[in-house]
Amino acid sequence: MSDTQQAAGVPTPVHARNPVHVDQNRPRGVGGMLRAMEVDVRMIGMIVALIVIWVVFDLVTGGLFITPRNLFNLSVQTSSVAIMATGMVFVIVARHIDLSVGSLLGFCAMMMGTFQTNWLPAHLGFNYPATWILAIAFGIIVGLVVGALQGFIIGYLSVPAFIVTLGGYLAWRGAAWWVTTGQTVAPLDRNFTLFGGGIGGTLGATWSWVFGIIAVAAIIFFAFNGRRMRKAFDFPLKPMWAEIVNVVVLSAVMIAFVIVMNAYPVPERAAKMYLQARNMPVPDEPLNWSQGIALPVVAVAVVALIMTYVAKRTKFGRYVFAMGGNPQAAELSGINTRRITMYIFMLMGVLAAISGVIASARLQSAANDLGTLDELRVIAAAVIGGTSLAGGAGTIFGAILGALVMQSLQSGMALLGVESSLQSIVVGVVLVIAVLVDQIYRRRVGTV
Amino acid sequence: MDAQNRAPLVDMRDIHISFGGVKAVDGVSIDLYPGEVVGLLGHNGAGKSTLIKILSGAYQPDAGEIYVNGEKADIHNPRDARKYNIETIYQTLALADNLKAAENLFLGRELTSRTGALDDVRMEAETRKILARLNPNFRKFASPVSALSGGQRQSVAIARAVYFNAKILIMDEPTAALGVQETAMVADLVKQLKSEGLGIFLISHDIHDVFDLADRVAVMKNGQLVGSAKVSDVSQDEVLGMIILGKCPPGAIPGPGAIPAEKLARIAHV
């Protein structure tokens with residue numbers, strides 16, 4: 001408090017030069033308001049871009065885009081790339097790159113597929129209740145080991161990440177073929193496939209509301225807990241109105257999301273087939289099931305929460321950002337940069353495995369070409385989401401938004417019947433423009 | 001000076017290191033006492049930064065021993081150096097630009113809560129406390145250090161050393177990137193830390209700087225020690241002679257790098 005008051009009154013030379021220290025309690029125009037709310041202007045820009053994309057597609061398609069059905073599909077289609085993009089943020093922030101994630105996704109999916117379909121049933125029988133847990137655990141271990149191997153070569157043997165993961169890009173795709181010599185693995189375990197967000201793979205109306213209410217409670221808790229902590233130490237605080245606007249906007253988005261997802265019904269026949277398959281009584285009258293939030297989206301939420309925590313609240317996350325900002329300073333500060341590098345790629349491997357679960361569950365089969373070109377989508381999502389290829393800057397939330405922007409463009413064009421060659425051109429151009437705009441912004445503001 | 005009667009804080013003995021056949025540091029011995037500032041002088045490439053990086057753990061010597069408080073010290077990396085309360089303030093301002101002041105100050109030694117999570121609020125509080133003491137004008141706690149001036153950045157680096165109770169402070173060209181006022185601020189800090197009993201190695205090629213702050217100077221040339229002297233026993237011109245010619249004046253204790261008198265006489269004739 002005292003800081004801001006002094007800054008407004010007594011103009012010392014330091015403040016005079018620095019607009020940052022202008023009284024933050026009095027908003028000046030939109031920019032001043034945003035600054036008081038301490039929101040990232042680039043993030044706002046991205047959200048605005050997303051809204052524009054949605055509205056334009058909705059107008060052009062004659063109201064097909066902003067519908068519960070399309071938004072539901074969009075949320076499911078974004079999940080796999082979004083999950084990997086959160087890991088790619090760490091990789092790129094630490095000045096590395098990972099070109100192997102698409103191939104690794106395919107390899108992990110094939111390993112999980114074979115494990116649950118060809119190997120486990122021989123021991124446990126088909127659709128054993130724990131099969132899905134074992135399969136996912138197995139896949140995560142595979143991703144972890146592969147990530148550790150690549151991370152070891154990059155961190156300890158100092159081979160550039162570009163080369164190691166380019167090798168991995170080729171090697172793991174080949175390995176994915178080798179698992180079954182190219183055969184697609186199907187059918188996958190019944191519970192496992194729920195993670196694809198298909199029939200039954202959603203929370204339904206009630207649990208979606210529970211999810212939404214927990215999320216809103218968390219938003220309120222984090223906002224006011226942070227405020228209380230800063231107050232305890234007499235630090236400058238955001239104005240109360242800014243805090244409330246933040247909380248209200250975030251909560252409103254969350255609730256709107258739940259309402260939209262609940263507005264999309266499960267097709268009548270699919271619902272009855274789902275009940276039949278599980279030997280449950282099938283009523284004659286209409287079922288009226290709501291899809292609610294899809295499980296892959298829940299996975300994204302959980303991953304995003306954990307990854308944000310790791311980035312902001314753990315030593316590991318702090319060290320990743322320090323390495324990206326100044327590798328030499330990190331080393332001289334006593335940080336074991338080699339080990340941190342290995343951990344980053346292990347984390348990326350685990351996330352590729354989780355995306356592998358979602359991608360294969362969605363198709364209800366594991367094919368060796370699963371995740372082809374995903375590495376580029378993931379990198380693009382992270383970069384569109386504000387991750388700097390120079391290292392040191394990036395956010396988890398931004399990467400997820402980036403993934404959503406990319407997927408929105410693609411599904412919007414698909415709805416319009418744009419041919420896929422043109423889709424690629426558009427996405428490519430958007431990627432370059434997004435980074436260009438970001439660069440211009442950074443140069444203007446004078447940050448990293 | 002009664003400091004000389006106590007055990008030296010740092011005693012580096014016969015240090016050697018070479019890079020690809022070039023002897024960067026060739027048999028240098030140097031010591032430092034509590035409450036003392038030793039200015040390490042020499043041309044670019046004389047080996048002063050290399051010598052000091054051995055002490056700070058950034059390089060491993062090929063031969064030689066380091067004693068801290070009279071006991072043999074094993075320093076293999078910067079983490080080891082920190083265990084001996086050796087802190088370094090680098091020429092290149094070793095801060096991560098994208099992190100805030102508090103995040104830099106505690107980098108590698110973060111405060112955590114009971115759950116192991118970073119306690120950013122407490123770290124910021126501590127940073128505010130220490131910087132209020134060192135540089136009362138400092139108030140950019142919320143921005144990354146890339147937004148700070150050279151002097152402000154240097155005060156973060158110095159605050160880091162002070163906060164973690166450095167006993168031995170290495171300052172590698174601490175004022176090279178600074179303006180006049182900021183240089184004066186750093187000079188005041190050096191005097192303050194010295195009075196608190198720290199031993200400071202001050203590396204510089206600005207003789208005036210060193211004469212203002214140091215108690216002793218040590219001069220290096222071509223990887224060897226030309227000699228060392230109390231600043232009260234030598235003139236600035238004599239020290240300049242040590243740096244340029246390797247000529248050791250009568251007031252100084254000659255080292256292995258000093259050029260013998262007869263050889264100097266021959267050079268003078270030419």
# chains A, B, ... in the order shown; residues from 1 in each chain; ligands from 1
>>> select_by_dssp(residues="segment 60-169 of chain B", states="strand (DSSP E)", output="VMD selection string")
chain B and resid 63 to 68 71 to 72 86 to 89 168 to 169
>>> write_last_selection(atoms="N, CA and C atoms", output="mmCIF file, in the first residue's frame")
data_model
loop_
_atom_site.group_PDB
_atom_site.id
_atom_site.type_symbol
_atom_site.label_atom_id
_atom_site.label_comp_id
_atom_site.auth_asym_id
_atom_site.auth_seq_id
_atom_site.Cartn_x
_atom_site.Cartn_y
_atom_site.Cartn_z
ATOM 1 N N ALA B 63 46.013 -28.172 -10.897
ATOM 2 C CA ALA B 63 46.829 -28.441 -9.720
ATOM 3 C C ALA B 63 46.682 -27.279 -8.765
ATOM 4 N N GLY B 64 47.032 -27.528 -7.500
ATOM 5 C CA GLY B 64 46.962 -26.465 -6.503
ATOM 6 C C GLY B 64 45.902 -26.750 -5.465
ATOM 7 N N GLU B 65 46.008 -26.025 -4.346
ATOM 8 C CA GLU B 65 45.085 -26.276 -3.242
ATOM 9 C C GLU B 65 44.458 -24.975 -2.754
ATOM 10 N N ILE B 66 43.245 -25.116 -2.239
ATOM 11 C CA ILE B 66 42.552 -23.958 -1.682
ATOM 12 C C ILE B 66 42.271 -24.243 -0.213
ATOM 13 N N TYR B 67 42.629 -23.289 0.640
ATOM 14 C CA TYR B 67 42.319 -23.408 2.062
ATOM 15 C C TYR B 67 41.354 -22.309 2.451
ATOM 16 N N VAL B 68 40.301 -22.686 3.158
ATOM 17 C CA VAL B 68 39.359 -21.698 3.669
ATOM 18 C C VAL B 68 39.415 -21.771 5.186
ATOM 19 N N GLU B 71 41.553 -24.498 6.595
ATOM 20 C CA GLU B 71 41.263 -25.899 6.301
ATOM 21 C C GLU B 71 41.133 -26.115 4.801
ATOM 22 N N LYS B 72 41.590 -27.274 4.366
ATOM 23 C CA LYS B 72 41.579 -27.558 2.945
ATOM 24 C C LYS B 72 40.132 -27.641 2.439
ATOM 25 N N ILE B 86 31.258 -18.743 0.060
ATOM 26 C CA ILE B 86 31.881 -17.949 -0.995
ATOM 27 C C ILE B 86 30.775 -17.534 -1.959
ATOM 28 N N GLU B 87 30.633 -16.249 -2.161
ATOM 29 C CA GLU B 87 29.626 -15.754 -3.098
ATOM 30 C C GLU B 87 30.308 -14.923 -4.167
ATOM 31 N N THR B 88 29.790 -15.020 -5.372
ATOM 32 C CA THR B 88 30.414 -14.311 -6.478
ATOM 33 C C THR B 88 29.436 -13.336 -7.114
ATOM 34 N N ILE B 89 29.921 -12.159 -7.409
ATOM 35 C CA ILE B 89 29.119 -11.202 -8.159
ATOM 36 C C ILE B 89 29.829 -11.020 -9.491
ATOM 37 N N ILE B 168 33.126 -14.671 2.152
ATOM 38 C CA ILE B 168 34.108 -14.372 1.121
ATOM 39 C C ILE B 168 33.335 -13.913 -0.106
ATOM 40 N N LEU B 169 33.618 -12.708 -0.527
ATOM 41 C CA LEU B 169 32.867 -12.153 -1.639
ATOM 42 C C LEU B 169 33.820 -11.917 -2.798
#
>>> closest_atom_pairs(of="chain A", to="chain B", cutoff="6 Å", atoms="only C-alpha atoms", output="Markdown table")
| residue | atom | partner | partner_atom | distance |
| --- | --- | --- | --- | --- |
| A:Arg313 | CA | B:Leu118 | CA | 4.9 |
| A:Thr314 | CA | B:Ala117 | CA | 5.3 |
| A:Ala322 | CA | B:Ala96 | CA | 5.5 |
| A:Gly325 | CA | B:Ala96 | CA | 4.8 |
| A:Asn326 | CA | B:Ala96 | CA | 4.7 |
| A:Ala329 | CA | B:Ala94 | CA | 4.6 |
| A:Leu332 | CA | B:Pro78 | CA | 5.6 |
| A:Ser333 | CA | B:Gly108 | CA | 5.5 |
| A:Gly334 | CA | B:Arg79 | CA | 4.6 |
| A:Ile335 | CA | B:Gly108 | CA | 5.7 |
>>> select_by_dssp(residues="segment 166-244 of chain B", states="alpha helix (DSSP H)", output="MDAnalysis selection string")
chainID B and resid 180:195 207:213 236:244
>>> atom_distance(atom1="atom CA of Gly20 of chain B", atom2="atom CA of Leu41 of chain B")
24.1 Å
>>> atom_distance(atom1="atom CA of Trp172 of chain A", atom2="atom CA of Leu104 of chain A")
5.6 Å
>>> residues_around(residues="Val101 of chain A", least_positions_apart="4", cutoff="6 Å", atoms="only C-alpha atoms", output="list in words")
Leu105, Ala352 and Glu375 of chain A
>>> atom_distance(atom1="atom CA of Gly226 of chain A", atom2="atom CA of Lys129 of chain B")
20.2 Å
>>> residues_around(residues="Gln224 of chain B", least_positions_apart="5", cutoff="6 Å", atoms="only C-alpha atoms", output="list in words")
Asp26, Val28 and Gly257 of chain B
>>> write_last_selection(atoms="C-alpha atoms", output="PDB file, in the first residue's frame")
ATOM      1  CA  ASP B  26      50.326 -20.698 -13.892  1.00  0.00           C
ATOM      2  CA  VAL B  28      49.485 -18.448  -8.615  1.00  0.00           C
ATOM      3  CA  GLY B 257      55.694 -13.522 -12.740  1.00  0.00           C
TER       4      GLY B 257
END
>>> residues_around(residues="Leu198 of chain B", least_positions_apart="2", cutoff="8 Å", atoms="only C-alpha atoms", output="PyMOL selection string")
chain B and resi 34-36+166-169+193-196+200
>>> residues_around(residues="Tyr274 of chain A", least_positions_apart="6", cutoff="9 Å", atoms="only C-alpha atoms", output="VMD selection string")
chain A and resid 199 to 200 280
>>> residues_around(residues="Ala159 of chain B", least_positions_apart="6", cutoff="9 Å", atoms="only C-alpha atoms", output="MDAnalysis selection string")
chainID B and resid 105 127 130:131 134
